[in-house]
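**Q** The structure under discussion is supplied below as structure tokens; questions concerning it will follow.
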Amino acid sequence: MTEKINLLDYDRVGLESYFLKIGEKSFRAHQLLKWIYQHGATDVESMTNISNDLRTSLKEITMIKLPEIVSEKKSKDGTRKWLIKVDEKNFIETVFIPENNRGTLCISSQVGCALDCKFCSTAKQGFSRNLKTSEIIGQVWLANNVLGNFKNKKRIITNIVFMGMGEPLLNYDNVLKSINLMTDDYTFGLSKRRITVSTSGIIPGIDRLKKDNKVSLAISLHASNDELRNTIVPINRSYPLVDLLSACKRYTEGKNDDPITIEYVMLRDINDSLKDAHNLAKCLNGIPSKVNLIPFNKFPDTHFSNSNYGTINAFRDVLIKSGIFTITRKTRGDDIDAACGQLVGKFIAKSAKHQKITVGLTQC
Ligand code: SAH
């Protein structure tokens, strides 16, 4: 028997062609998307404006399969972190960060990560696999469901950031389909500006994203010279700084030229000197950008430590004096290990002979 197709693996264009292929009108795709992503339906039987015959055949050949929330932690600051099972062996984490006037969902794009950034906890676990579109958009669906958004018809999730586990631009096709879904009027209808893809600098992916669906871009820069960046963000050896900065410039050219967010984790005595700050300002000259200084969050077995706050402030002042909008990112959810780079959820599998499975995620 051929496996049923998961309707959550398709964006609107994909679903439209699927319906045409099975001899239906393409508008069926729109009805289906509304049911799933606006009403929270997970069973075609409840989709009352779809004919009985079509419902019966959809039940035979398709499914609506979501990943599964295994546990939840709530921080005293309101941050919520979910451990999500994507298959028998693989788990990811998703974090919701409420603020006064917005709610940000931080999602994962891969199980683990292959990039080996030295200050990142996900890197320690290596790479397991890419997430499917259904597992990426599934995180958004599950969070909406838990937060009561389908029932209340409220928009509690206003922003989505790909700052969880994995490198989104190395899972390009599935990430793009999930972004297409998030921004579709038949689903969540989020504005592109409210979706941020964070990358450690995969240049071909940056150029493709500009063409395909130009959402907000964040670059995990963390160093302003190749020598240091080669060491702490090893992908720099393939995509060196000068080329990455040119790609950033290209990304901002044209209409809707939102600034790029530059992420810079503050590592004591590694990248936090005033010379580093001046050098960073030079690098960003001519690129519409804003800088987020991220206090380093410790995790077991790391030899890095956070810069002290005086150092971070002095670093920030150099950037501001150079005319670069700079903020120090607030640490959220650290009491539940949900702050940047701290998310190393431990899950003891109840089955699988008490095998211990550790999942981790870095988020901001
Ligand atoms: N691979 C993507 C997205 C995941 S990381 C990327 O590199 O951008 C999301 C952000 O958290 C990145 O800026 C990353 O560098 C930062 N980060 C990772 N580990 C951290 C830690 N221990 N403390 C603070 N920030 C960290």
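A note on labels: chains of the structure tokens are A, B, ... as shown, every chain counts residues from 1, and ligands are counted from 1 in their shown order.
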Output the neighbourhood of ligand 1 as a VMD selection string, that is, all protein and nucleic acid residues with some atom at most 7 Å from the ligand, counting only C-alpha atoms and all ligand atoms.

**A** chain A and resid 119 to 121 162 to 168 198 to 200 218 to 220 263 to 265 294 to 299 340 to 342 362 to 364

**Q** Taking only stretch 112-170 of chain A into account, list the residues labelled strand (DSSP E) by DSSP (computed from the backbone), as an mmCIF file with N, CA, C and O atoms, in the first residue's frame.

**A**
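That gives us states-v1.cif:
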```cif
data_model
loop_
_atom_site.group_PDB
_atom_site.id
_atom_site.type_symbol
_atom_site.label_atom_id
_atom_site.label_comp_id
_atom_site.auth_asym_id
_atom_site.auth_seq_id
_atom_site.Cartn_x
_atom_site.Cartn_y
_atom_site.Cartn_z
ATOM 1 N N GLY A 112 18.891 18.861 15.204
ATOM 2 C CA GLY A 112 20.329 19.024 15.325
ATOM 3 C C GLY A 112 20.828 20.037 14.300
ATOM 4 O O GLY A 112 20.037 20.754 13.676
ATOM 5 N N PHE A 127 24.115 16.449 13.654
ATOM 6 C CA PHE A 127 22.960 16.632 12.783
ATOM 7 C C PHE A 127 22.214 15.310 12.654
ATOM 8 O O PHE A 127 22.819 14.273 12.435
ATOM 9 N N SER A 128 20.890 15.373 12.774
ATOM 10 C CA SER A 128 20.114 14.149 12.590
ATOM 11 C C SER A 128 19.403 14.159 11.237
ATOM 12 O O SER A 128 19.668 13.337 10.379
ATOM 13 N N ARG A 129 18.500 15.150 11.026
ATOM 14 C CA ARG A 129 17.837 15.227 9.727
ATOM 15 C C ARG A 129 17.127 16.562 9.541
ATOM 16 O O ARG A 129 16.908 17.301 10.507
ATOM 17 N N ASN A 130 16.787 16.847 8.277
ATOM 18 C CA ASN A 130 15.967 18.023 7.992
ATOM 19 C C ASN A 130 14.552 17.791 8.487
ATOM 20 O O ASN A 130 14.058 16.652 8.442
ATOM 21 N N ASN A 159 4.810 37.179 15.421
ATOM 22 C CA ASN A 159 6.116 37.094 14.766
ATOM 23 C C ASN A 159 6.640 35.665 14.833
ATOM 24 O O ASN A 159 6.407 34.970 15.821
ATOM 25 N N ILE A 160 7.351 35.270 13.780
ATOM 26 C CA ILE A 160 7.961 33.937 13.792
ATOM 27 C C ILE A 160 9.444 34.082 13.445
ATOM 28 O O ILE A 160 9.794 34.786 12.493
ATOM 29 N N VAL A 161 10.288 33.450 14.250
ATOM 30 C CA VAL A 161 11.727 33.511 13.975
ATOM 31 C C VAL A 161 12.288 32.095 13.819
ATOM 32 O O VAL A 161 11.995 31.210 14.625
ATOM 33 N N PHE A 162 13.081 31.901 12.764
ATOM 34 C CA PHE A 162 13.769 30.617 12.576
ATOM 35 C C PHE A 162 15.079 30.691 13.346
ATOM 36 O O PHE A 162 16.149 30.812 12.774
#
```

**Q** Just the residues within 10 Å of A:Cys117, please, counting only C-alpha atoms, with nothing from its chain fewer than 6 positions along; format it as a ChimeraX atom specification.

**A** /A:123-124,200,229-235

**Q** One number please: atom CA of A:Lys89 to atom CA of A:Cys113, in Å, one decimal.

**A**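 The value is 15.6 Å.
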
**Q** Would you pick out the contacts of stretch 15-32 of chain A at 10 Å or less, using only C-alpha atoms, so that residues sharing its chain but fewer than 4 positions from it are not included, and give the list as a PDB file with all heavy atoms, in the first residue's frame?

**A**
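So the final result, stored in part-v9.pdb, reads:
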```pdb
ATOM      1  N   LEU A   7      -1.138  16.272   4.006  1.00  0.00           N
ATOM      2  CA  LEU A   7      -1.570  17.553   3.418  1.00  0.00           C
ATOM      3  C   LEU A   7      -0.764  18.740   3.966  1.00  0.00           C
ATOM      4  O   LEU A   7      -0.670  19.782   3.332  1.00  0.00           O
ATOM      5  CB  LEU A   7      -3.067  17.775   3.667  1.00  0.00           C
ATOM      6  CG  LEU A   7      -3.971  16.772   2.921  1.00  0.00           C
ATOM      7  CD1 LEU A   7      -5.400  16.834   3.458  1.00  0.00           C
ATOM      8  CD2 LEU A   7      -3.954  17.033   1.418  1.00  0.00           C
ATOM      9  N   LEU A   8      -0.145  18.565   5.139  1.00  0.00           N
ATOM     10  CA  LEU A   8       0.646  19.652   5.728  1.00  0.00           C
ATOM     11  C   LEU A   8       2.000  19.824   5.047  1.00  0.00           C
ATOM     12  O   LEU A   8       2.735  20.760   5.346  1.00  0.00           O
ATOM     13  CB  LEU A   8       0.867  19.406   7.225  1.00  0.00           C
ATOM     14  CG  LEU A   8      -0.364  19.230   8.111  1.00  0.00           C
ATOM     15  CD1 LEU A   8       0.059  19.054   9.560  1.00  0.00           C
ATOM     16  CD2 LEU A   8      -1.294  20.420   8.002  1.00  0.00           C
ATOM     17  N   ASP A   9       2.341  18.919   4.143  1.00  0.00           N
ATOM     18  CA  ASP A   9       3.617  19.055   3.436  1.00  0.00           C
ATOM     19  C   ASP A   9       3.513  19.944   2.203  1.00  0.00           C
ATOM     20  O   ASP A   9       4.500  20.138   1.495  1.00  0.00           O
ATOM     21  CB  ASP A   9       4.157  17.670   3.027  1.00  0.00           C
ATOM     22  CG  ASP A   9       4.823  16.966   4.198  1.00  0.00           C
ATOM     23  OD1 ASP A   9       5.519  17.655   4.972  1.00  0.00           O
ATOM     24  OD2 ASP A   9       4.640  15.747   4.358  1.00  0.00           O
ATOM     25  N   TYR A  10       2.316  20.473   1.919  1.00  0.00           N
ATOM     26  CA  TYR A  10       2.112  21.279   0.708  1.00  0.00           C
ATOM     27  C   TYR A  10       1.809  22.731   1.048  1.00  0.00           C
ATOM     28  O   TYR A  10       1.033  23.001   1.968  1.00  0.00           O
ATOM     29  CB  TYR A  10       0.911  20.747  -0.091  1.00  0.00           C
ATOM     30  CG  TYR A  10       1.144  19.406  -0.736  1.00  0.00           C
ATOM     31  CD1 TYR A  10       1.020  18.240   0.001  1.00  0.00           C
ATOM     32  CD2 TYR A  10       1.472  19.318  -2.084  1.00  0.00           C
ATOM     33  CE1 TYR A  10       1.226  17.005  -0.589  1.00  0.00           C
ATOM     34  CE2 TYR A  10       1.668  18.091  -2.684  1.00  0.00           C
ATOM     35  CZ  TYR A  10       1.545  16.936  -1.928  1.00  0.00           C
ATOM     36  OH  TYR A  10       1.750  15.723  -2.515  1.00  0.00           O
ATOM     37  N   ASP A  11       2.380  23.647   0.269  1.00  0.00           N
ATOM     38  CA  ASP A  11       1.919  25.032   0.362  1.00  0.00           C
ATOM     39  C   ASP A  11       0.753  25.211  -0.612  1.00  0.00           C
ATOM     40  O   ASP A  11       0.304  24.247  -1.240  1.00  0.00           O
ATOM     41  CB  ASP A  11       3.066  26.035   0.116  1.00  0.00           C
ATOM     42  CG  ASP A  11       3.683  25.904  -1.260  1.00  0.00           C
ATOM     43  OD1 ASP A  11       3.149  25.151  -2.098  1.00  0.00           O
ATOM     44  OD2 ASP A  11       4.711  26.559  -1.515  1.00  0.00           O
ATOM     45  N   ILE A  36      -7.737  23.937   7.919  1.00  0.00           N
ATOM     46  CA  ILE A  36      -6.616  23.464   8.744  1.00  0.00           C
ATOM     47  C   ILE A  36      -5.988  24.603   9.549  1.00  0.00           C
ATOM     48  O   ILE A  36      -5.764  24.484  10.757  1.00  0.00           O
ATOM     49  CB  ILE A  36      -5.523  22.793   7.861  1.00  0.00           C
ATOM     50  CG1 ILE A  36      -6.091  21.568   7.149  1.00  0.00           C
ATOM     51  CG2 ILE A  36      -4.303  22.410   8.710  1.00  0.00           C
ATOM     52  CD1 ILE A  36      -5.144  20.919   6.150  1.00  0.00           C
ATOM     53  N   TYR A  37      -5.690  25.710   8.862  1.00  0.00           N
ATOM     54  CA  TYR A  37      -4.855  26.732   9.508  1.00  0.00           C
ATOM     55  C   TYR A  37      -5.644  27.891  10.135  1.00  0.00           C
ATOM     56  O   TYR A  37      -5.092  28.656  10.908  1.00  0.00           O
ATOM     57  CB  TYR A  37      -3.827  27.275   8.506  1.00  0.00           C
ATOM     58  CG  TYR A  37      -2.878  26.206   8.028  1.00  0.00           C
ATOM     59  CD1 TYR A  37      -3.002  25.639   6.758  1.00  0.00           C
ATOM     60  CD2 TYR A  37      -1.861  25.727   8.858  1.00  0.00           C
ATOM     61  CE1 TYR A  37      -2.142  24.649   6.317  1.00  0.00           C
ATOM     62  CE2 TYR A  37      -0.992  24.737   8.431  1.00  0.00           C
ATOM     63  CZ  TYR A  37      -1.139  24.197   7.156  1.00  0.00           C
ATOM     64  OH  TYR A  37      -0.280  23.211   6.737  1.00  0.00           O
ATOM     65  N   GLN A  38      -6.916  28.025   9.758  1.00  0.00           N
ATOM     66  CA  GLN A  38      -7.691  29.101  10.407  1.00  0.00           C
ATOM     67  C   GLN A  38      -8.678  28.551  11.425  1.00  0.00           C
ATOM     68  O   GLN A  38      -8.962  29.187  12.426  1.00  0.00           O
ATOM     69  CB  GLN A  38      -8.406  29.943   9.344  1.00  0.00           C
ATOM     70  CG  GLN A  38      -7.401  30.698   8.478  1.00  0.00           C
ATOM     71  CD  GLN A  38      -8.026  31.650   7.483  1.00  0.00           C
ATOM     72  OE1 GLN A  38      -9.232  31.733   7.341  1.00  0.00           O
ATOM     73  NE2 GLN A  38      -7.179  32.367   6.762  1.00  0.00           N
ATOM     74  N   ALA A  41      -8.739  22.555  11.992  1.00  0.00           N
ATOM     75  CA  ALA A  41      -9.281  21.217  11.726  1.00  0.00           C
ATOM     76  C   ALA A  41      -8.162  20.218  11.425  1.00  0.00           C
ATOM     77  O   ALA A  41      -7.184  20.540  10.758  1.00  0.00           O
ATOM     78  CB  ALA A  41     -10.234  21.275  10.528  1.00  0.00           C
ATOM     79  N   VAL A  44     -10.691  15.681   7.841  1.00  0.00           N
ATOM     80  CA  VAL A  44     -11.444  16.177   6.682  1.00  0.00           C
ATOM     81  C   VAL A  44     -12.959  16.031   6.877  1.00  0.00           C
ATOM     82  O   VAL A  44     -13.734  16.764   6.270  1.00  0.00           O
ATOM     83  CB  VAL A  44     -11.040  15.477   5.352  1.00  0.00           C
ATOM     84  CG1 VAL A  44      -9.726  16.011   4.840  1.00  0.00           C
ATOM     85  CG2 VAL A  44     -11.005  13.990   5.486  1.00  0.00           C
ATOM     86  N   MET A  47     -14.898  19.140   7.512  1.00  0.00           N
ATOM     87  CA  MET A  47     -14.836  20.228   6.511  1.00  0.00           C
ATOM     88  C   MET A  47     -16.129  20.248   5.693  1.00  0.00           C
ATOM     89  O   MET A  47     -16.223  19.695   4.597  1.00  0.00           O
ATOM     90  CB  MET A  47     -13.603  20.025   5.620  1.00  0.00           C
ATOM     91  CG  MET A  47     -12.325  19.976   6.444  1.00  0.00           C
ATOM     92  SD  MET A  47     -10.868  19.721   5.449  1.00  0.00           S
ATOM     93  CE  MET A  47      -9.595  19.683   6.716  1.00  0.00           C
ATOM     94  N   THR A  48     -17.130  20.932   6.262  1.00  0.00           N
ATOM     95  CA  THR A  48     -18.501  20.763   5.783  1.00  0.00           C
ATOM     96  C   THR A  48     -18.773  21.348   4.394  1.00  0.00           C
ATOM     97  O   THR A  48     -19.755  20.995   3.768  1.00  0.00           O
ATOM     98  CB  THR A  48     -19.479  21.385   6.801  1.00  0.00           C
ATOM     99  OG1 THR A  48     -18.925  22.645   7.204  1.00  0.00           O
ATOM    100  CG2 THR A  48     -19.659  20.498   8.012  1.00  0.00           C
ATOM    101  N   ASN A  49     -17.931  22.244   3.922  1.00  0.00           N
ATOM    102  CA  ASN A  49     -18.182  22.771   2.570  1.00  0.00           C
ATOM    103  C   ASN A  49     -17.467  21.955   1.480  1.00  0.00           C
ATOM    104  O   ASN A  49     -17.414  22.355   0.329  1.00  0.00           O
ATOM    105  CB  ASN A  49     -17.818  24.263   2.459  1.00  0.00           C
ATOM    106  CG  ASN A  49     -16.366  24.539   2.843  1.00  0.00           C
ATOM    107  OD1 ASN A  49     -15.657  23.637   3.273  1.00  0.00           O
ATOM    108  ND2 ASN A  49     -15.944  25.775   2.689  1.00  0.00           N
ATOM    109  N   ILE A  50     -16.924  20.831   1.877  1.00  0.00           N
ATOM    110  CA  ILE A  50     -16.311  19.925   0.900  1.00  0.00           C
ATOM    111  C   ILE A  50     -17.261  18.725   0.724  1.00  0.00           C
ATOM    112  O   ILE A  50     -17.760  18.178   1.711  1.00  0.00           O
ATOM    113  CB  ILE A  50     -14.899  19.478   1.369  1.00  0.00           C
ATOM    114  CG1 ILE A  50     -13.981  20.719   1.391  1.00  0.00           C
ATOM    115  CG2 ILE A  50     -14.323  18.384   0.483  1.00  0.00           C
ATOM    116  CD1 ILE A  50     -12.561  20.459   1.807  1.00  0.00           C
ATOM    117  N   LEU A  54     -15.714  13.808  -2.065  1.00  0.00           N
ATOM    118  CA  LEU A  54     -14.315  14.255  -1.996  1.00  0.00           C
ATOM    119  C   LEU A  54     -13.732  13.975  -0.614  1.00  0.00           C
ATOM    120  O   LEU A  54     -12.589  13.526  -0.479  1.00  0.00           O
ATOM    121  CB  LEU A  54     -14.206  15.751  -2.346  1.00  0.00           C
ATOM    122  CG  LEU A  54     -12.785  16.339  -2.297  1.00  0.00           C
ATOM    123  CD1 LEU A  54     -11.814  15.536  -3.164  1.00  0.00           C
ATOM    124  CD2 LEU A  54     -12.772  17.798  -2.737  1.00  0.00           C
ATOM    125  N   SER A  57     -12.753  10.378  -0.500  1.00  0.00           N
ATOM    126  CA  SER A  57     -11.522  10.002  -1.201  1.00  0.00           C
ATOM    127  C   SER A  57     -10.301  10.650  -0.540  1.00  0.00           C
ATOM    128  O   SER A  57      -9.222  10.049  -0.487  1.00  0.00           O
ATOM    129  CB  SER A  57     -11.607  10.290  -2.710  1.00  0.00           C
ATOM    130  OG  SER A  57     -11.686  11.657  -2.929  1.00  0.00           O
ATOM    131  N   LEU A  58     -10.470  11.854   0.014  1.00  0.00           N
ATOM    132  CA  LEU A  58      -9.321  12.462   0.721  1.00  0.00           C
ATOM    133  C   LEU A  58      -8.910  11.613   1.923  1.00  0.00           C
ATOM    134  O   LEU A  58      -7.729  11.458   2.225  1.00  0.00           O
ATOM    135  CB  LEU A  58      -9.670  13.884   1.182  1.00  0.00           C
ATOM    136  CG  LEU A  58      -9.631  14.985   0.106  1.00  0.00           C
ATOM    137  CD1 LEU A  58     -10.048  16.326   0.696  1.00  0.00           C
ATOM    138  CD2 LEU A  58      -8.250  15.100  -0.530  1.00  0.00           C
ATOM    139  N   ASP A 184       0.425  33.082   3.753  1.00  0.00           N
ATOM    140  CA  ASP A 184      -0.714  32.950   2.841  1.00  0.00           C
ATOM    141  C   ASP A 184      -1.995  33.487   3.491  1.00  0.00           C
ATOM    142  O   ASP A 184      -2.259  33.237   4.669  1.00  0.00           O
ATOM    143  CB  ASP A 184      -0.891  31.458   2.515  1.00  0.00           C
ATOM    144  CG  ASP A 184      -1.696  31.257   1.252  1.00  0.00           C
ATOM    145  OD1 ASP A 184      -2.869  31.699   1.196  1.00  0.00           O
ATOM    146  OD2 ASP A 184      -1.158  30.667   0.303  1.00  0.00           O
ATOM    147  N   ASP A 185      -2.789  34.194   2.684  1.00  0.00           N
ATOM    148  CA  ASP A 185      -4.035  34.741   3.233  1.00  0.00           C
ATOM    149  C   ASP A 185      -5.038  33.652   3.620  1.00  0.00           C
ATOM    150  O   ASP A 185      -5.935  33.891   4.423  1.00  0.00           O
ATOM    151  CB  ASP A 185      -4.693  35.688   2.224  1.00  0.00           C
ATOM    152  CG  ASP A 185      -3.971  37.017   2.208  1.00  0.00           C
ATOM    153  OD1 ASP A 185      -3.257  37.305   3.188  1.00  0.00           O
ATOM    154  OD2 ASP A 185      -4.099  37.747   1.204  1.00  0.00           O
ATOM    155  N   TYR A 186      -4.900  32.478   3.032  1.00  0.00           N
ATOM    156  CA  TYR A 186      -5.813  31.388   3.393  1.00  0.00           C
ATOM    157  C   TYR A 186      -5.373  30.677   4.680  1.00  0.00           C
ATOM    158  O   TYR A 186      -6.056  29.784   5.156  1.00  0.00           O
ATOM    159  CB  TYR A 186      -5.909  30.355   2.271  1.00  0.00           C
ATOM    160  CG  TYR A 186      -6.639  30.901   1.057  1.00  0.00           C
ATOM    161  CD1 TYR A 186      -5.963  31.113  -0.137  1.00  0.00           C
ATOM    162  CD2 TYR A 186      -7.995  31.206   1.123  1.00  0.00           C
ATOM    163  CE1 TYR A 186      -6.628  31.623  -1.244  1.00  0.00           C
ATOM    164  CE2 TYR A 186      -8.663  31.717   0.023  1.00  0.00           C
ATOM    165  CZ  TYR A 186      -7.973  31.922  -1.156  1.00  0.00           C
ATOM    166  OH  TYR A 186      -8.633  32.439  -2.236  1.00  0.00           O
ATOM    167  N   THR A 187      -4.199  31.069   5.207  1.00  0.00           N
ATOM    168  CA  THR A 187      -3.743  30.403   6.436  1.00  0.00           C
ATOM    169  C   THR A 187      -3.567  31.461   7.533  1.00  0.00           C
ATOM    170  O   THR A 187      -4.525  32.036   8.002  1.00  0.00           O
ATOM    171  CB  THR A 187      -2.439  29.613   6.184  1.00  0.00           C
ATOM    172  OG1 THR A 187      -1.409  30.526   5.838  1.00  0.00           O
ATOM    173  CG2 THR A 187      -2.595  28.610   5.064  1.00  0.00           C
TER     174      THR A 187
END
```

**Q** Hey, what does DSSP flag as helix (DSSP H, G or I) within stretch 80-251 of chain A? Can you give it to me as a PyMOL selection string?

**A** chain A and resi 121-124+133-146+149-152+168-170+172-182+192-194+203-212+226-232+234-237+241-251

**Q** Can you tell me how far atom CA of A:Trp35 sits from atom CA of A:Glu68, in Å to one decimal?

**A**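 Separation of atom CA of A:Trp35 and atom CA of A:Glu68: 19.5 Å.
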
**Q** For each of A:Ile270, A:Ala281, A:Ile157, A:Val291, take the minimum atom-to-atom distance to A:Glu99, counting only C-alpha atoms, then give the residue where this is smallest.

**A**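 Closest to A:Glu99, using only C-alpha atoms: A:Ile157.
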